[in-house]
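First up is the structure itself, then whatever we jot down about it.
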Amino acid sequence: VWLGEIDENSFHNIDDPNYERRKKNAFVGLTNLGATCYVNTFLQMWFLNLELRQALYLCPSTCSEYVAGEGIPKDKDYEPQTICEHLQYLFALLQNSKRRYIDPSGFVRALGLDTGQQQDAQEFSKLFMSLLEDTLSKQKNPDVRNIVQKQFCGEYAYVTCGRESKLVSKFYELELNIQGHKQLTDCITEFLKEEKLEGDNRYFCETCQSKQNATRKIRLLSLPCTLNLQLMRFVFDRQTGHKKKLNTYIGFSELLDMEPFMEQKNGVYVYELSAVLIHRGVSAYSGHYIAHVKDPQTGEWYKFNDEDIDKMEGKKLQLGIEEDLAEPSKSQTRKPKCGKGTHCSRNAYMLVYRLQTREKSLTIEVPAFLQELVERDNCKFEEWCNEMAEMRKQSVARGKIKHEEVKELYKRLPAEAGSPYDFISLEWLQKWLDESTPPKPIDNTACLCSHGKLHPDKISIMKRISEYVADFFYRRYGGGPRLNVKALCKDCVVERCRILRLKNQLNEDYKAVTNLLKITVKGNDGFWVGKASLRSWRQLALEQLNEQDEDTEHSNGKMNGNAQSKDESNEEKKEEEEELNFNEDIVCPHGDLCISENERRVVSKEAWEKLKQYFPKAPEFPNNKECCSQCKILEREGEENEALHKMMASEQKTSLQNLFHDKCRPCLGSWPQVWEGGVVGFEPRAWLFHVIKHVLVPLHSIALIWPSEWERIQKLFVVDHVIKITRTQAAGADPESTLYTSEPQLCPECREGLLCQQQRDLREYTQATIYIHKVVDNKKVWALFLGLYSSWLPCLILLAQIMHAFSVAPFDQNLSIDGKILNDDTATLGSLGVIPESVILLKADEPLADYAAMDDVMQGEVGGWPGRFGGSRKEPHYCDCGRRFSGQGLCWIWVVKVEN
């Protein structure tokens with residue numbers, strides 16, 4: 001690349017600053033800050049409204065330096081304080097700036113707009129016009145105070161049944177419905193058409209003081225100089241609940257005569273098209289806004305697209321390209337033909353018409369104060385352009401020097417045979433040739449081995465150059481270390497050869513070791529080797545050789561500034577340490593020979609020497625090597641602990657009265673397992689809890705041990721608190737009178753709380769099993785499992801279940817539990833004391849009738865259970881319904897609610 005003729009532009013990546021300069025007789029663009037294209041379209045349209053621009057220039061500034069006539073200090077940036085000042089400064093820059101585009105961020109921030117979210121353009125226009133009108137209404141100058149009303153504000157009134165409303169409504173734009181219309185004039189006609197007020201929409205007549213059918217229409221009273229017509233393309237879709245865009249073609253002419261729509265015909269109502277605001281896109285929530293605006297001074301049309309501004313040819317409005325970009329589908333309606341002076345658009349959302357007059361265009365001069373600010377910004381821009389141009393110039397000069405330098409060095413770069421040479425990083429040479437990144441000092445550390453010399457496997461990423469060129473590079477750029485002909489590491493070459501030789505010899509050595517393992521070792525000449533290591537030694541050797549081979553690439557841990565992180569290297573070391581290497585499977589935790597002979601075997605001295613070639617760092621244990629003394633002690637203690645464990649397990653089976661004795665001490669019931677797991681401490685609160693629980697529940701929650709056993713445990717574990725239980729019993733006394741005391745004493749509040757909690761747990765349950773015993777002649781003859789119940793279920797449900805199971809009506813059921821009669825049908829099971837695994841006794845009165853038919857009654861929603869009344873007379877009785885019944889003078893009343 002560097003050897004031929006090179007274009008100057010290839011020496012730098014700096015854009016030409018002249019591209020950022022405003023072209024002659026061109027307008028200035030606006031930067032899109034993210035999603036502010038809709039703001040830019042309105043700013044350009046308002047800027048080309050000369051009357052509005054002139055009025056804004058007349059607004060006084062709040063800047064104290066300007067008011068005092070001293071001018072703005074050069075070391076202080078101008079910061080507009082009001083919306084008018086922001087708009088003033090923005091218009092002044094758009095008029096006289098030398099930049100191709102300017103930044104409107106100050107104006108956008110002052111309005112509080114979110115630059116990342118696209119707002120509704122039509123709503124923004126309304127709100128800003130209202131804000132501007134309120135701001136300018138405080139000015140003393142009438143030309144400034146009334147500019148918004150004169151330019152944009154019109155008036156209309158509602159006419160109801162021939163009577164015109166006394167309230168006059170102002171408008172800044174006319175909102176025109178475009179659905180079902182093809183021409184702009186049809187949209188205006190619909191806006192002004194007469195509307196019938198009927199039904200719920202009737203008109204309230206003040207004279208009649210009642211609602212009457214009526215008609216209503218809008219009458220235009222006055223029109224502004226600038227007529228904004230909003231085409232309602234963004235409508236609310238009731239089916240989806242979101243806004244949608246109507247891509248309907250609307251035709252409009254360059255001249256619009258509004259006289260047919262005015263009732264007073266004595267004015268001038270001919271308007272000419274001055275701007276078309278376009279929304280490109282098919283969605284109401286996204287897309288892009290641009291503006292086609294006519295220059296009022298030259299009559300030429302321009303397309304304003306943020307930073308880019310294009311002039312239309314032949315002073316004609318051209319919308320074809322914009323319409324093509326918004327094609328939503330192939331089924332879209334074709335564009336209708338447009339005659340001369342007319343246009344059609346399916347993307348235009350606002351049409352701006354200016355009142356046609358014969359007056360000459362205004363000449364707007366920027367006030368001196370604003371012009372000073374513009375010139376200051378232009379000076380900054382010129383300084384930036386000069387700086388960029390100088391940088392480009394310097395880059396070109398450096399590039400030319402480098403060009404000549406490369407051409408000269410290239411000839412002397414190769415090292416001739418027999419001449420001294422240097423190795424240099426190929427990566428550094430590539431960066432040296434890349435002018436976009438100035439070369440750093442030479443860095444050859446990526447090619448070094450652990451001995452600080454050139455690694456033989458790194459030759460491929462090095463370039464062998466002549467000593468003359470190497471001297472030039474080190475003199476010009478520095479760095480190092482220099483790697484000459486003597487830099488190659490002999491130790492690494494020898495190690496590399498060793499690894500290659502072992503890889504080639506591995507299969508032969510495997511067969512040799514296999515044969516040597518068959519020989520029985522006599523005497524103390526052998527060595528201990530782990531059985532697991534012997535089974536996989538060939539695979540371990542191959543992996544180790546491959547790792548040693550790969551370690552050469554990471555020997556120095558740095559690759560031209562791409563150093564391996566400490567976390568990564570530590571993680572790799574940690575993983576390597578977790579994996580057992582050869583013969584480490586017989587190393588005990590204390591670093592000595594393990595005591596288990598089942599995991600190891602003796603191999604001959606010849607076999608061990610073969611293995612040692614592949615695993616020089618493997619732990620070595622001669623045949624006469626003693627096992628680890630610490631492991632032997634732990635083994636003996638383990639056997640004693642196991643015996644103690646068995647003894648205590650048998651002790652737990654004895655009764656509580658036999659186990660309790662003076663000076664007994666409890667510990668956790670699961671302590672043998674905890675002991676074996678190596679736990680060396682206990683939670684005091686857990687001990688106390690188990691003591692409390694021991695007093696309340698059977699013995700399985702704790703274990704009692706003898707003092708001698710306790711002394712043994714204290715030697716093995718750290719005991720933070722001793723808990724002691726003492727039994728006190730008088731000679732010959734009843735065993736039930738035995739007293740048990742604990743140190744520390746039981747907490748009365750905790751004990752009472754635990755008892756209450758146990759009672760609550762028994763009375764608050766779900767899916768509990770309940771049994772029913774039917775008693776006949778004072779004998780339990782049948783037990784029935786009634787399924788799963790909850791404590792909050794009413795007793796009525798239980799009665800109904802019993803009725804279906806035993807054919808005993810609820811009023812014949814006499815239920816009891818532990819001698820307590822269950823006579824409250826409306827109570828819940830929990831409140832009645834029915835707890836899990838309860839057994840309920842059922843005594844049934846002798847049945848008086850066939851209750852099979854009651855099953856059908858019970859299928860309804862029972863609003864109340866039957867009550868029993870009447871005497872023992874056997875004469876017939878009659879219900880309230882008049883039907884005769886019998887049954888020993890008893891009448892049963894069921895209250896049943898039947899649905900459907």
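Labeling convention for the structure tokens: chains A, B, ... as they appear, residues from 1 per chain, ligands from 1 in order of appearance.
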
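Residues of stretch 135-187 of chain A carrying a DSSP assignment of alpha helix (DSSP H), computed from the backbone, are Thr135, Leu136, Pro142, Asp143, Val144, Arg145, Ile147, Val148, Gln149, Lys150, Gln151, Phe152, Leu184, Thr185, Asp186 and Cys187 of chain A.
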
Keeping only C-alpha atoms, write those residues as a CSV table (one decimal), in the first residue's frame.
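Writing the result to result-v8.csv gives the following:
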chain,number,residue,atom,x,y,z
A,135,THR,CA,-45.6,35.7,26.3
A,136,LEU,CA,-45.9,38.4,23.7
A,142,PRO,CA,-48.5,46.7,19.6
A,143,ASP,CA,-46.6,45.2,16.6
A,144,VAL,CA,-45.1,42.7,18.9
A,145,ARG,CA,-48.1,42.2,21.2
A,147,ILE,CA,-48.3,39.5,16.0
A,148,VAL,CA,-49.7,36.0,16.8
A,149,GLN,CA,-53.3,37.1,16.5
A,150,LYS,CA,-52.7,39.0,13.3
A,151,GLN,CA,-50.7,36.2,11.6
A,152,PHE,CA,-52.3,33.0,12.9
A,184,LEU,CA,-59.3,20.0,0.4
A,185,THR,CA,-62.4,22.1,-0.4
A,186,ASP,CA,-64.7,19.1,0.4
A,187,CYS,CA,-63.0,18.9,3.9

Q: Do a neighbour search on stretch 232-243 of chain A at 12 Å with only C-alpha atoms, toss out local chain neighbours closer than 2 positions, and write the hits as an MDAnalysis selection string.
A: chainID A and resid 120:123 173:179 181 184 187 191 229:230 245:250 278:286 345:351

Selection from above, N, CA, C and O atoms, as a short mmCIF file (atom, residue, chain, number, x, y, z; two decimals), in the first residue's frame, can you write it?
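Output file part-v9.cif follows:
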data_model
loop_
_atom_site.label_atom_id
_atom_site.label_comp_id
_atom_site.auth_asym_id
_atom_site.auth_seq_id
_atom_site.Cartn_x
_atom_site.Cartn_y
_atom_site.Cartn_z
N ASP A 120 -46.83 14.53 19.37
CA ASP A 120 -47.81 14.83 18.33
C ASP A 120 -47.51 16.21 17.77
O ASP A 120 -47.54 17.22 18.48
N ALA A 121 -47.22 16.27 16.47
CA ALA A 121 -46.80 17.54 15.86
C ALA A 121 -47.91 18.57 15.90
O ALA A 121 -47.67 19.76 16.16
N GLN A 122 -49.15 18.17 15.62
CA GLN A 122 -50.26 19.12 15.61
C GLN A 122 -50.52 19.67 17.00
O GLN A 122 -50.78 20.87 17.17
N GLU A 123 -50.45 18.81 18.00
CA GLU A 123 -50.64 19.28 19.37
C GLU A 123 -49.51 20.22 19.79
O GLU A 123 -49.75 21.23 20.46
N GLU A 173 -55.72 27.15 13.90
CA GLU A 173 -55.77 26.30 12.72
C GLU A 173 -57.16 25.69 12.65
O GLU A 173 -57.86 25.58 13.66
N LEU A 174 -57.56 25.33 11.45
CA LEU A 174 -58.83 24.64 11.26
C LEU A 174 -58.54 23.15 11.14
O LEU A 174 -57.74 22.73 10.30
N GLU A 175 -59.19 22.36 12.01
CA GLU A 175 -58.99 20.91 12.00
C GLU A 175 -60.00 20.29 11.06
O GLU A 175 -61.21 20.30 11.31
N LEU A 176 -59.52 19.71 9.97
CA LEU A 176 -60.38 19.23 8.90
C LEU A 176 -60.35 17.71 8.86
O LEU A 176 -59.28 17.08 8.84
N ASN A 177 -61.53 17.10 8.86
CA ASN A 177 -61.66 15.66 8.72
C ASN A 177 -61.43 15.28 7.26
O ASN A 177 -62.00 15.89 6.35
N ILE A 178 -60.58 14.25 7.02
CA ILE A 178 -60.26 13.86 5.65
C ILE A 178 -60.88 12.53 5.27
O ILE A 178 -60.77 12.11 4.11
N GLN A 179 -61.52 11.84 6.20
CA GLN A 179 -62.12 10.55 5.88
C GLN A 179 -63.29 10.75 4.90
O GLN A 179 -64.19 11.55 5.15
N HIS A 181 -63.11 11.98 1.89
CA HIS A 181 -62.95 13.13 1.01
C HIS A 181 -61.69 12.97 0.17
O HIS A 181 -60.72 12.33 0.59
N LEU A 184 -59.41 19.15 -0.76
CA LEU A 184 -59.34 20.01 0.42
C LEU A 184 -60.63 20.80 0.60
O LEU A 184 -61.12 20.97 1.71
N CYS A 187 -63.29 18.98 2.43
CA CYS A 187 -63.04 18.93 3.87
C CYS A 187 -63.51 20.21 4.56
O CYS A 187 -64.09 20.18 5.65
N PHE A 191 -66.57 20.87 7.35
CA PHE A 191 -66.30 21.56 8.61
C PHE A 191 -67.37 22.62 8.89
O PHE A 191 -67.74 22.87 10.04
N LEU A 229 -54.14 24.80 8.05
CA LEU A 229 -55.19 23.79 7.89
C LEU A 229 -54.62 22.44 8.33
O LEU A 229 -53.75 21.87 7.65
N GLN A 230 -55.11 21.97 9.46
CA GLN A 230 -54.66 20.68 9.99
C GLN A 230 -55.49 19.56 9.37
O GLN A 230 -56.71 19.52 9.53
N LYS A 245 -52.88 6.14 11.56
CA LYS A 245 -52.70 7.15 10.53
C LYS A 245 -53.53 6.79 9.31
O LYS A 245 -53.55 5.64 8.87
N LEU A 246 -54.23 7.80 8.78
CA LEU A 246 -55.01 7.64 7.55
C LEU A 246 -54.13 8.02 6.37
O LEU A 246 -53.69 9.16 6.25
N ASN A 247 -53.88 7.04 5.51
CA ASN A 247 -53.04 7.30 4.33
C ASN A 247 -53.93 7.61 3.12
O ASN A 247 -53.81 7.00 2.06
N THR A 248 -54.82 8.56 3.31
CA THR A 248 -55.77 8.95 2.27
C THR A 248 -55.19 10.08 1.43
O THR A 248 -54.63 11.04 1.97
N TYR A 249 -55.31 9.95 0.12
CA TYR A 249 -54.87 11.03 -0.77
C TYR A 249 -55.82 12.21 -0.67
O TYR A 249 -57.04 12.05 -0.72
N ILE A 250 -55.25 13.40 -0.52
CA ILE A 250 -56.02 14.64 -0.49
C ILE A 250 -55.43 15.58 -1.53
O ILE A 250 -54.21 15.83 -1.55
N ILE A 278 -44.99 17.38 6.08
CA ILE A 278 -45.12 15.98 5.67
C ILE A 278 -44.74 15.05 6.82
O ILE A 278 -43.78 15.31 7.56
N HIS A 279 -45.50 13.97 6.97
CA HIS A 279 -45.14 12.88 7.90
C HIS A 279 -44.90 11.63 7.08
O HIS A 279 -45.82 11.07 6.48
N ARG A 280 -43.65 11.16 7.05
CA ARG A 280 -43.31 9.94 6.33
C ARG A 280 -43.41 8.76 7.28
O ARG A 280 -42.79 8.76 8.33
N GLY A 281 -44.17 7.75 6.87
CA GLY A 281 -44.36 6.57 7.71
C GLY A 281 -45.82 6.18 7.76
O GLY A 281 -46.71 6.99 7.47
N VAL A 282 -46.08 4.94 8.14
CA VAL A 282 -47.45 4.41 8.15
C VAL A 282 -48.03 4.38 9.55
O VAL A 282 -49.21 4.10 9.72
N SER A 283 -47.22 4.62 10.60
CA SER A 283 -47.69 4.55 11.97
C SER A 283 -47.85 5.95 12.54
O SER A 283 -47.10 6.87 12.19
N ALA A 284 -48.83 6.08 13.44
CA ALA A 284 -49.05 7.37 14.10
C ALA A 284 -48.05 7.61 15.23
O ALA A 284 -47.96 8.71 15.76
N TYR A 285 -47.31 6.58 15.62
CA TYR A 285 -46.40 6.68 16.77
C TYR A 285 -44.93 6.76 16.34
O TYR A 285 -44.06 6.85 17.19
N SER A 286 -44.65 6.68 15.06
CA SER A 286 -43.27 6.74 14.60
C SER A 286 -43.27 7.38 13.22
O SER A 286 -44.30 7.79 12.70
N SER A 345 -51.46 14.48 -1.93
CA SER A 345 -50.55 13.91 -0.93
C SER A 345 -51.34 13.02 0.02
O SER A 345 -52.48 13.33 0.37
N ARG A 346 -50.71 11.92 0.40
CA ARG A 346 -51.29 11.07 1.44
C ARG A 346 -50.46 11.14 2.72
O ARG A 346 -50.72 10.41 3.66
N ASN A 347 -49.46 12.01 2.74
CA ASN A 347 -48.61 12.18 3.92
C ASN A 347 -48.65 13.58 4.49
O ASN A 347 -48.09 13.82 5.56
N ALA A 348 -49.26 14.53 3.78
CA ALA A 348 -49.35 15.89 4.29
C ALA A 348 -50.29 15.93 5.48
O ALA A 348 -51.42 15.44 5.40
N TYR A 349 -49.82 16.48 6.60
CA TYR A 349 -50.67 16.58 7.79
C TYR A 349 -50.99 18.03 8.14
O TYR A 349 -51.81 18.29 9.02
N MET A 350 -50.35 18.99 7.43
CA MET A 350 -50.66 20.40 7.66
C MET A 350 -50.36 21.18 6.39
O MET A 350 -49.28 21.03 5.80
N LEU A 351 -51.33 22.00 5.95
CA LEU A 351 -51.16 22.89 4.80
C LEU A 351 -51.21 24.32 5.30
O LEU A 351 -52.09 24.69 6.08
#

Q | Distance criterion (only C-alpha atoms): nearest to A:Asp310 out of A:Arg600, A:Arg475, A:Lys407, A:Lys294 | A |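 Checking each candidate against A:Asp310, we get A:Lys294 as the closest.
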
Q) Quick one, how far is atom CA of A:Met462 from atom CA of A:Ser425? A) 4.8 Å

(Q) Please report the interatomic distance between atom CA of A:Asp491 and atom CA of A:Arg464 in Å with one decimal. (A) 21.3 Å

Q.
Quick check, in Å to one decimal: how far apart do atom CA of A:Ala487 and atom CA of A:Leu409 lie?
A.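 Spanning atom CA of A:Ala487 to atom CA of A:Leu409 is a straight-line distance of 23.5 Å.
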
Q | 10 Å contact set for A:Gly478, only C-alpha atoms, chain neighbours under 5 positions out, as a list in words | A | Lys440, Pro441, Ile442, Asp443, Asp471, Phe472 and Phe473 of chain A

Q. Hey, which of A:Ala768, A:Ala275, A:Leu221, A:Val529 ends up closest to A:Met45? Count only C-alpha atoms.
A.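 Looking only at the distances to A:Met45, the closest residue turns out to be A:Ala275.
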
Counting only C-alpha atoms, what is within 8 Å of A:Leu370, bar same-chain residues fewer than 4 positions away, as an mmCIF file with all heavy atoms, in the first residue's frame?
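So the final result, stored in selection_27.cif, reads:
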data_model
loop_
_atom_site.group_PDB
_atom_site.id
_atom_site.type_symbol
_atom_site.label_atom_id
_atom_site.label_comp_id
_atom_site.auth_asym_id
_atom_site.auth_seq_id
_atom_site.Cartn_x
_atom_site.Cartn_y
_atom_site.Cartn_z
ATOM 1 N N GLN A 88 -35.493 34.229 19.329
ATOM 2 C CA GLN A 88 -34.715 35.317 18.724
ATOM 3 C C GLN A 88 -33.329 34.828 18.284
ATOM 4 O O GLN A 88 -32.916 34.994 17.136
ATOM 5 C CB GLN A 88 -34.542 36.458 19.742
ATOM 6 C CG GLN A 88 -35.669 37.451 19.834
ATOM 7 C CD GLN A 88 -35.321 38.541 20.837
ATOM 8 O OE1 GLN A 88 -34.478 38.353 21.718
ATOM 9 N NE2 GLN A 88 -35.977 39.678 20.715
ATOM 10 N N TYR A 89 -32.628 34.237 19.230
ATOM 11 C CA TYR A 89 -31.256 33.793 18.963
ATOM 12 C C TYR A 89 -31.231 32.711 17.891
ATOM 13 O O TYR A 89 -30.359 32.690 17.016
ATOM 14 C CB TYR A 89 -30.644 33.284 20.267
ATOM 15 C CG TYR A 89 -29.192 32.912 20.170
ATOM 16 C CD1 TYR A 89 -28.274 33.734 19.500
ATOM 17 C CD2 TYR A 89 -28.711 31.750 20.744
ATOM 18 C CE1 TYR A 89 -26.937 33.396 19.417
ATOM 19 C CE2 TYR A 89 -27.373 31.405 20.666
ATOM 20 C CZ TYR A 89 -26.489 32.232 19.985
ATOM 21 O OH TYR A 89 -25.161 31.896 19.895
ATOM 22 N N ALA A 92 -31.817 34.344 14.517
ATOM 23 C CA ALA A 92 -30.639 35.096 14.102
ATOM 24 C C ALA A 92 -29.569 34.168 13.541
ATOM 25 O O ALA A 92 -28.917 34.476 12.525
ATOM 26 C CB ALA A 92 -30.096 35.908 15.281
ATOM 27 N N VAL A 366 -31.078 41.733 11.280
ATOM 28 C CA VAL A 366 -30.860 41.194 12.625
ATOM 29 C C VAL A 366 -30.413 42.320 13.535
ATOM 30 O O VAL A 366 -29.507 43.088 13.175
ATOM 31 C CB VAL A 366 -29.800 40.074 12.601
ATOM 32 C CG1 VAL A 366 -29.524 39.559 14.001
ATOM 33 C CG2 VAL A 366 -30.241 38.959 11.684
ATOM 34 N N VAL A 374 -24.198 36.281 16.896
ATOM 35 C CA VAL A 374 -24.015 35.431 15.721
ATOM 36 C C VAL A 374 -22.563 35.485 15.247
ATOM 37 O O VAL A 374 -21.966 34.460 14.901
ATOM 38 C CB VAL A 374 -24.990 35.855 14.604
ATOM 39 C CG1 VAL A 374 -24.687 35.097 13.312
ATOM 40 C CG2 VAL A 374 -26.428 35.609 15.035
#
